[in-house]
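Chemist: For reference, the file my_file09.json (JSON, C-alpha atoms and all ligand atoms) is included below:
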[["chain", "number", "residue", "atom", "x", "y", "z"],
["A", 1, "MET", "CA", -128.02, 38.89, -72.29],
["A", 2, "LYS", "CA", -125.18, 39.13, -69.84],
["A", 3, "THR", "CA", -123.88, 42.22, -68.17],
["A", 4, "LYS", "CA", -120.62, 40.50, -67.45],
["A", 5, "GLU", "CA", -119.26, 37.82, -69.71],
["A", 6, "LYS", "CA", -117.90, 34.98, -67.69],
["A", 7, "PRO", "CA", -115.71, 32.20, -69.03],
["A", 8, "ARG", "CA", -117.59, 28.95, -68.71],
["A", 9, "GLY", "CA", -115.36, 26.50, -66.86],
["A", 10, "SER", "CA", -115.35, 22.88, -67.89],
["A", 11, "VAL", "CA", -115.41, 21.77, -64.26],
["A", 12, "PRO", "CA", -118.69, 22.80, -62.63],
["A", 13, "MET", "CA", -117.32, 23.74, -59.22],
["A", 14, "ASP", "CA", -118.50, 26.74, -57.24],
["A", 15, "THR", "CA", -115.84, 29.13, -56.03],
["A", 16, "ASP", "CA", -117.31, 28.85, -52.54],
["A", 17, "GLY", "CA", -116.21, 25.21, -52.50],
["A", 18, "PHE", "CA", -119.51, 23.97, -51.11],
["A", 19, "ASP", "CA", -121.03, 22.54, -54.22],
["A", 20, "ARG", "CA", -119.34, 19.18, -54.64],
["A", 21, "HIS", "CA", -122.43, 17.05, -54.96],
["A", 22, "ARG", "CA", -124.37, 18.11, -58.00],
["A", 23, "SER", "CA", -123.81, 16.63, -61.41],
["A", 24, "GLY", "CA", -123.74, 19.69, -63.65],
["A", 25, "PRO", "CA", -124.69, 23.30, -64.25],
["A", 26, "GLU", "CA", -128.00, 24.38, -62.80],
["A", 27, "ARG", "CA", -130.58, 26.95, -63.82],
["A", 28, "MET", "CA", -131.22, 29.54, -61.14],
["A", 29, "TYR", "CA", -134.26, 31.75, -60.69],
["A", 30, "VAL", "CA", -133.25, 34.89, -58.79],
["A", 31, "ASP", "CA", -135.73, 37.59, -57.87],
["A", 32, "LEU", "CA", -134.52, 41.20, -58.10],
["A", 33, "ASP", "CA", -136.20, 43.40, -55.47],
["A", 34, "ASP", "CA", -135.18, 42.65, -51.90],
["A", 35, "VAL", "CA", -133.10, 39.70, -53.06],
["A", 36, "ILE", "CA", -130.43, 41.35, -55.25],
["A", 37, "SER", "CA", -131.50, 45.00, -54.86],
["A", 38, "ARG", "CA", -132.11, 46.72, -51.53],
["A", 39, "THR", "CA", -135.43, 48.14, -52.64],
["A", 40, "THR", "CA", -138.06, 48.17, -49.92],
["A", 41, "ASP", "CA", -135.73, 49.41, -47.20],
["A", 42, "THR", "CA", -135.56, 52.71, -49.12],
["A", 43, "TYR", "CA", -139.35, 53.11, -49.14],
["A", 44, "GLY", "CA", -139.70, 54.34, -45.55],
["A", 45, "ALA", "CA", -137.82, 57.54, -46.38],
["A", 46, "VAL", "CA", -140.02, 58.08, -49.46],
["A", 47, "ILE", "CA", -143.20, 57.63, -47.44],
["A", 48, "GLU", "CA", -142.01, 60.04, -44.77],
["A", 49, "ARG", "CA", -140.98, 62.66, -47.34],
["A", 50, "GLU", "CA", -144.11, 62.37, -49.51],
["A", 51, "PHE", "CA", -146.79, 61.62, -46.92],
["A", 52, "GLY", "CA", -145.23, 62.62, -43.58],
["A", 53, "ARG", "CA", -145.66, 59.15, -42.09],
["A", 54, "GLN", "CA", -143.04, 57.12, -40.28],
["A", 55, "VAL", "CA", -143.16, 53.37, -40.86],
["A", 56, "ARG", "CA", -140.33, 51.11, -39.76],
["A", 57, "PHE", "CA", -139.02, 48.41, -42.12],
["A", 58, "GLU", "CA", -139.74, 45.76, -39.50],
["A", 59, "ASP", "CA", -143.39, 46.84, -39.47],
["A", 60, "LEU", "CA", -143.87, 46.04, -43.17],
["A", 61, "VAL", "CA", -145.63, 42.77, -42.40],
["A", 62, "SER", "CA", -147.80, 42.75, -45.52],
["A", 63, "PHE", "CA", -146.38, 42.19, -49.02],
["A", 64, "ASP", "CA", -149.10, 44.61, -50.13],
["A", 65, "LEU", "CA", -147.39, 47.97, -49.63],
["A", 66, "LYS", "CA", -150.71, 49.77, -49.75],
["A", 67, "ILE", "CA", -151.63, 47.93, -46.56],
["A", 68, "SER", "CA", -148.19, 48.13, -44.93],
["A", 69, "PHE", "CA", -147.93, 51.90, -45.45],
["A", 70, "GLY", "CA", -151.64, 52.61, -44.98],
["A", 71, "LEU", "CA", -152.00, 54.29, -48.35],
["A", 72, "THR", "CA", -155.17, 55.16, -50.24],
["A", 73, "ASP", "CA", -155.48, 53.95, -53.83],
["A", 74, "LYS", "CA", -154.52, 57.38, -55.11],
["A", 75, "GLU", "CA", -151.53, 57.65, -52.76],
["A", 76, "PHE", "CA", -150.36, 54.16, -53.71],
["A", 77, "HIS", "CA", -150.49, 54.84, -57.44],
["A", 78, "TYR", "CA", -148.46, 58.01, -56.95],
["A", 79, "PHE", "CA", -145.95, 56.15, -54.73],
["A", 80, "PHE", "CA", -145.73, 53.16, -57.14],
["A", 81, "ASP", "CA", -144.95, 55.37, -60.11],
["A", 82, "LEU", "CA", -142.46, 57.39, -58.09],
["A", 83, "VAL", "CA", -140.39, 54.43, -56.88],
["A", 84, "HIS", "CA", -140.23, 52.99, -60.40],
["A", 85, "GLN", "CA", -138.79, 56.12, -61.96],
["A", 86, "PRO", "CA", -135.34, 55.46, -63.49],
["A", 87, "ASP", "CA", -133.45, 57.81, -61.16],
["A", 88, "VAL", "CA", -135.01, 56.13, -58.12],
["A", 89, "LEU", "CA", -134.38, 52.60, -59.40],
["A", 90, "MET", "CA", -130.77, 53.46, -60.18],
["A", 91, "GLY", "CA", -130.23, 54.63, -56.62],
["A", 92, "TYR", "CA", -130.76, 51.26, -54.95],
["A", 93, "GLU", "CA", -127.79, 49.41, -53.45],
["A", 94, "PRO", "CA", -127.18, 45.69, -53.91],
["A", 95, "VAL", "CA", -128.08, 43.32, -51.07],
["A", 96, "PRO", "CA", -124.81, 42.41, -49.29],
["A", 97, "GLY", "CA", -123.24, 39.25, -50.68],
["A", 98, "ALA", "CA", -125.58, 38.96, -53.68],
["A", 99, "VAL", "CA", -123.20, 39.96, -56.46],
["A", 100, "ALA", "CA", -120.33, 37.87, -55.07],
["A", 101, "MET", "CA", -122.53, 34.78, -54.88],
["A", 102, "LEU", "CA", -123.93, 35.30, -58.38],
["A", 103, "ASP", "CA", -120.35, 35.76, -59.64],
["A", 104, "GLY", "CA", -119.52, 32.39, -58.14],
["A", 105, "TRP", "CA", -122.52, 30.76, -59.78],
["A", 106, "ALA", "CA", -121.69, 32.28, -63.17],
["A", 107, "ASP", "CA", -118.06, 31.15, -62.83],
["A", 108, "ALA", "CA", -119.31, 27.63, -62.07],
["A", 109, "GLY", "CA", -121.31, 27.60, -65.30],
["A", 110, "HIS", "CA", -124.76, 27.97, -63.79],
["A", 111, "GLU", "CA", -127.44, 29.86, -65.71],
["A", 112, "ILE", "CA", -128.88, 32.82, -63.83],
["A", 113, "ASP", "CA", -132.34, 34.04, -64.78],
["A", 114, "ILE", "CA", -133.21, 37.27, -63.01],
["A", 115, "VAL", "CA", -136.98, 37.15, -62.69],
["A", 116, "THR", "CA", -138.72, 40.31, -61.60],
["A", 117, "GLY", "CA", -142.28, 41.42, -61.00],
["A", 118, "ARG", "CA", -141.42, 45.04, -61.73],
["A", 119, "PRO", "CA", -143.73, 46.77, -64.23],
["A", 120, "TYR", "CA", -142.75, 46.73, -67.91],
["A", 121, "PHE", "CA", -141.76, 50.39, -67.93],
["A", 122, "ALA", "CA", -138.95, 49.68, -65.44],
["A", 123, "ARG", "CA", -137.15, 47.36, -67.87],
["A", 124, "GLU", "CA", -134.43, 49.64, -69.21],
["A", 125, "ALA", "CA", -133.56, 51.14, -65.81],
["A", 126, "SER", "CA", -133.46, 47.66, -64.27],
["A", 127, "LEU", "CA", -131.02, 46.44, -66.94],
["A", 128, "ALA", "CA", -128.92, 49.59, -66.50],
["A", 129, "TRP", "CA", -128.80, 48.98, -62.72],
["A", 130, "LEU", "CA", -127.66, 45.39, -63.23],
["A", 131, "GLU", "CA", -124.91, 46.62, -65.53],
["A", 132, "ARG", "CA", -123.85, 49.37, -63.14],
["A", 133, "HIS", "CA", -123.43, 46.88, -60.32],
["A", 134, "ARG", "CA", -121.88, 44.22, -62.59],
["A", 135, "VAL", "CA", -124.48, 41.62, -61.74],
["A", 136, "PRO", "CA", -123.92, 38.53, -63.92],
["A", 137, "PHE", "CA", -126.96, 36.93, -65.50],
["A", 138, "THR", "CA", -127.96, 34.78, -68.45],
["A", 139, "ASP", "CA", -131.56, 35.97, -68.86],
["A", 140, "PHE", "CA", -133.73, 38.79, -67.57],
["A", 141, "THR", "CA", -137.41, 37.94, -67.29],
["A", 142, "MET", "CA", -140.31, 40.20, -66.40],
["A", 143, "VAL", "CA", -143.31, 38.30, -65.03],
["A", 144, "ASP", "CA", -146.73, 39.60, -64.06],
["A", 145, "LYS", "CA", -146.32, 37.99, -60.64],
["A", 146, "TYR", "CA", -148.93, 40.16, -58.94],
["A", 147, "ASN", "CA", -151.64, 40.61, -61.64],
["A", 148, "ARG", "CA", -150.96, 44.32, -61.95],
["A", 149, "ALA", "CA", -153.22, 46.34, -64.18],
["A", 150, "GLY", "CA", -151.53, 47.63, -67.34],
["A", 151, "ASN", "CA", -148.74, 45.08, -67.13],
["A", 152, "ASN", "CA", -149.84, 43.19, -70.25],
["A", 153, "SER", "CA", -146.86, 44.33, -72.32],
["A", 154, "SER", "CA", -145.33, 41.84, -74.75],
["A", 155, "SER", "CA", -142.14, 42.10, -72.69],
["A", 156, "VAL", "CA", -143.91, 40.66, -69.62],
["A", 157, "ILE", "CA", -144.79, 36.96, -69.37],
["A", 158, "THR", "CA", -147.64, 35.50, -67.31],
["A", 159, "LYS", "CA", -147.26, 33.25, -64.28],
["A", 160, "GLU", "CA", -148.65, 30.44, -66.39],
["A", 161, "GLN", "CA", -145.83, 30.95, -68.90],
["A", 162, "LEU", "CA", -143.33, 31.06, -66.06],
["A", 163, "GLY", "CA", -144.80, 27.79, -64.83],
["A", 164, "GLN", "CA", -143.69, 26.07, -68.07],
["A", 165, "ARG", "CA", -140.06, 26.76, -67.29],
["A", 166, "HIS", "CA", -137.57, 24.60, -65.44],
["A", 167, "TYR", "CA", -135.39, 25.85, -62.62],
["A", 168, "ASP", "CA", -133.18, 23.91, -60.23],
["A", 169, "LEU", "CA", -133.20, 26.55, -57.53],
["A", 170, "ALA", "CA", -135.00, 29.82, -56.80],
["A", 171, "VAL", "CA", -134.28, 32.72, -54.46],
["A", 172, "GLU", "CA", -137.42, 34.76, -53.67],
["A", 173, "ASP", "CA", -138.80, 37.01, -50.94],
["A", 174, "SER", "CA", -142.47, 36.83, -51.94],
["A", 175, "ARG", "CA", -144.15, 34.06, -49.97],
["A", 176, "GLU", "CA", -146.90, 33.73, -52.57],
["A", 177, "THR", "CA", -144.43, 33.42, -55.45],
["A", 178, "ALA", "CA", -142.27, 31.03, -53.42],
["A", 179, "MET", "CA", -145.32, 28.79, -52.94],
["A", 180, "PHE", "CA", -146.05, 28.93, -56.70],
["A", 181, "LEU", "CA", -142.46, 27.95, -57.50],
["A", 182, "ALA", "CA", -142.29, 25.24, -54.85],
["A", 183, "ASP", "CA", -145.74, 23.75, -55.26],
["A", 184, "THR", "CA", -146.78, 24.29, -58.88],
["A", 185, "MET", "CA", -143.33, 24.17, -60.45],
["A", 186, "GLY", "CA", -141.59, 21.81, -58.02],
["A", 187, "VAL", "CA", -138.61, 24.15, -57.59],
["A", 188, "PHE", "CA", -136.50, 24.20, -54.43],
["A", 189, "VAL", "CA", -136.86, 27.75, -53.09],
["A", 190, "MET", "CA", -134.68, 29.75, -50.75],
["A", 191, "LEU", "CA", -137.14, 32.20, -49.17],
["A", 192, "TYR", "CA", -135.16, 35.31, -48.29],
["A", 193, "ASP", "CA", -136.39, 36.34, -44.86],
["A", 194, "ARG", "CA", -138.24, 39.67, -44.87],
["A", 195, "PRO", "CA", -140.87, 41.09, -42.49],
["A", 196, "TRP", "CA", -143.63, 40.48, -45.05],
["A", 197, "ASN", "CA", -142.95, 36.76, -45.46],
["A", 198, "ARG", "CA", -142.65, 35.70, -41.82],
["A", 199, "HIS", "CA", -145.85, 33.67, -41.67],
["A", 200, "PRO", "CA", -144.91, 30.04, -41.12],
["A", 201, "VAL", "CA", -144.10, 28.25, -44.35],
["A", 202, "ASN", "CA", -144.36, 24.50, -44.22],
["A", 203, "HIS", "CA", -143.33, 23.11, -47.58],
["A", 204, "ARG", "CA", -140.58, 20.59, -48.24],
["A", 205, "ASN", "CA", -139.33, 22.66, -51.19],
["A", 206, "ILE", "CA", -138.99, 25.92, -49.26],
["A", 207, "GLN", "CA", -136.16, 26.85, -46.93],
["A", 208, "ARG", "CA", -135.94, 30.21, -45.18],
["A", 209, "ILE", "CA", -132.56, 31.93, -45.41],
["A", 210, "TYR", "CA", -131.34, 35.12, -43.78],
["A", 211, "SER", "CA", -128.39, 36.12, -45.97],
["A", 212, "TRP", "CA", -126.70, 35.33, -49.26],
["A", 213, "GLN", "CA", -123.81, 33.84, -47.32],
["A", 214, "GLU", "CA", -126.23, 31.30, -45.87],
["A", 215, "ILE", "CA", -127.30, 30.14, -49.31],
["A", 216, "SER", "CA", -124.04, 28.26, -49.90],
["A", 217, "ALA", "CA", -124.52, 26.09, -46.85],
["A", 218, "ALA", "CA", -128.23, 25.60, -47.62],
["A", 219, "ARG", "CA", -127.43, 24.50, -51.18],
["A", 220, "ASN", "CA", -124.76, 22.16, -49.93],
["A", 221, "THR", "CA", -127.17, 20.55, -47.47],
["A", 222, "ARG", "CA", -129.84, 20.23, -50.14],
["A", 223, "ASN", "CA", -127.42, 18.71, -52.66],
["A", 224, "MET", "CA", -126.16, 16.23, -50.07],
["A", 225, "GLN", "CA", -129.76, 15.22, -49.33],
["A", 226, "LEU", "CA", -130.42, 14.73, -53.05],
["A", 227, "THR", "CA", -127.21, 12.76, -53.48],
["A", 228, "THR", "CA", -128.07, 10.52, -50.53],
["A", 229, "SER", "CA", -131.60, 10.09, -51.82],
["A", 230, "ASN", "CA", -130.30, 9.19, -55.30],
["A", 231, "HIS", "CA", -127.81, 6.71, -53.84],
["A", 232, "LEU", "CA", -130.55, 5.09, -51.79],
["A", 233, "ALA", "CA", -132.76, 4.84, -54.86],
["A", 234, "VAL", "CA", -129.94, 3.24, -56.90],
["A", 235, "CYS", "CA", -129.07, 0.92, -54.00],
["A", 236, "HIS", "CA", -132.70, -0.09, -53.73],
["A", 237, "GLN", "CA", -132.60, -1.10, -57.40],
["A", 238, "VAL", "CA", -129.18, -2.78, -57.34],
["A", 239, "CYS", "CA", -128.92, -4.12, -53.82],
["A", 240, "LYS", "CA", -132.32, -5.70, -53.35],
["A", 241, "PRO", "CA", -132.14, -9.46, -53.01],
["B", 1, "MG", "MG", -138.73, 40.57, -54.42]]
Spit out the file's structure as structure tokens when you get a sec.

Modeler:
Amino acid sequence: MKTKEKPRGSVPMDTDGFDRHRSGPERMYVDLDDVISRTTDTYGAVIEREFGRQVRFEDLVSFDLKISFGLTDKEFHYFFDLVHQPDVLMGYEPVPGAVAMLDGWADAGHEIDIVTGRPYFAREASLAWLERHRVPFTDFTMVDKYNRAGNNSSSVITKEQLGQRHYDLAVEDSRETAMFLADTMGVFVMLYDRPWNRHPVNHRNIQRIYSWQEISAARNTRNMQLTTSNHLAVCHQVCKP
């Protein structure tokens, strides 16, 4: 499903002009919350309104919002349901630069799989939000990334099923999911810097980025490294005495 049909160009060249080193269209994994959608930076206002607590975005150092906001189980369940209501989901703004970059990828013929850990009941509102903001994508995948209770709908795949897929590049903000992608699946991951993922990450397949604009340069560097590596491998085969 695509929210915005894009003509598929015969020449796989990104509009940003950086991508001159890969050999063809790529398959992209792109997370939704806090990568395309400005989600968690709206939560502070909700917590203050509902629970009278002030928590700064920069203080959200745990991916577990129950811990970051100091919520009881009951409070968290109320909060979780609230922020996944359609009117709340539809109110989020896109992360600056995300839609423009995804437009460029779609124009270049890349496949964009939006992969979210949102609960199954947020599906229709999520698709409506993507359409409202004209976010181009090839597939929309719901994954039980966080082993949430009640998320065993047929419309949600498991991490093991995700692990059978192939992606050339991923953009994620969850450190745990980034490690799964990088380590188990062998995917090169752009880890979108957020307060909850700032523990040191030392993995050759993970690169921290701070904006969508930065992703172009990071991809270019990565593709140049791969090209150089491929050339060296070929040279080793052809040039050895
Ligand atoms: Mg996310």

Chemist: For ligand MG 1 (chain B), list the contacting residues at 7 Å or closer, counting all atoms listed in the file, as a PDB file with C-alpha atoms, in the coordinates of the input.

Modeler:
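Output below, filename pocket.pdb:
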ATOM      1  CA  ASP A  31    -135.730  37.590 -57.870  1.00  0.00           C
ATOM      2  CA  LEU A  32    -134.520  41.200 -58.100  1.00  0.00           C
ATOM      3  CA  ASP A  33    -136.200  43.400 -55.470  1.00  0.00           C
ATOM      4  CA  ASP A  34    -135.180  42.650 -51.900  1.00  0.00           C
ATOM      5  CA  VAL A  35    -133.100  39.700 -53.060  1.00  0.00           C
ATOM      6  CA  GLU A 172    -137.420  34.760 -53.670  1.00  0.00           C
ATOM      7  CA  ASP A 173    -138.800  37.010 -50.940  1.00  0.00           C
ATOM      8  CA  SER A 174    -142.470  36.830 -51.940  1.00  0.00           C
TER       9      SER A 174
END

Chemist: Counting all atoms listed in the file, which residue out of A:Phe188, A:Phe63, A:Tyr120, A:Tyr92 sits closest to Arg222 in chain A?

Modeler: A:Phe188

Chemist: Figure out the distance between CA of Val171 in chain A and CA of Pro200 in chain A, please, to one decimal in Å.

Modeler: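 Separation of CA of Pro200 in chain A and CA of Val171 in chain A: 17.3 Å.
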
Chemist: Separation of CA of Arg38 in chain A and CA of Pro96 in chain A, in Å?

Modeler: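 Straight-line distance from CA of Arg38 in chain A to CA of Pro96 in chain A works out to 8.8 Å.
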
Chemist: With distances taken over only C-alpha atoms, which residue among A:Gln207, A:Ser62, A:Thr72, A:Thr138 lies nearest Asp103 in chain A?

Modeler: A:Thr138

Chemist: Put a box with edges along x, y and z around all the listed atoms of range 157-174 of chain A, pad it by 6 Å on each side, then give me its centre and sizes in Å, one decimal, as AutoDock Vina command-line options.

Modeler:
--center_x -140.9 --center_y 30.5 --center_z -60.2 --size_x 27.5 --size_y 25.1 --size_z 30.4

Chemist: If you measure from CA of Met101 in chain A to CA of Trp212 in chain A, what distance in Å do you get, rounded to one decimal?

Modeler: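 Spanning CA of Met101 in chain A to CA of Trp212 in chain A is a straight-line distance of 7.0 Å.
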
Chemist: Around (-128.7, 33.4, -63.7) in the file's own coordinates, what residues are found within 8 Å if you use all atoms listed in the file, given back as a ChimeraX atom specification?

Modeler: /A:27-30,102,105-106,110-114,136-139

Chemist: Restricting the calculation to only C-alpha atoms, which member of A:Val187, A:Glu75, A:Asp144, A:Val61 is positioned closest to Ile47 in chain A?

Modeler: A:Glu75

Chemist: Which is closer to Glu48 in chain A than all the others in A:Phe69, A:Ala100, A:Tyr146, A:Val135, using only C-alpha atoms?

Modeler: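 Once distances to Glu48 in chain A are computed over only C-alpha atoms, the minimum belongs to A:Phe69.
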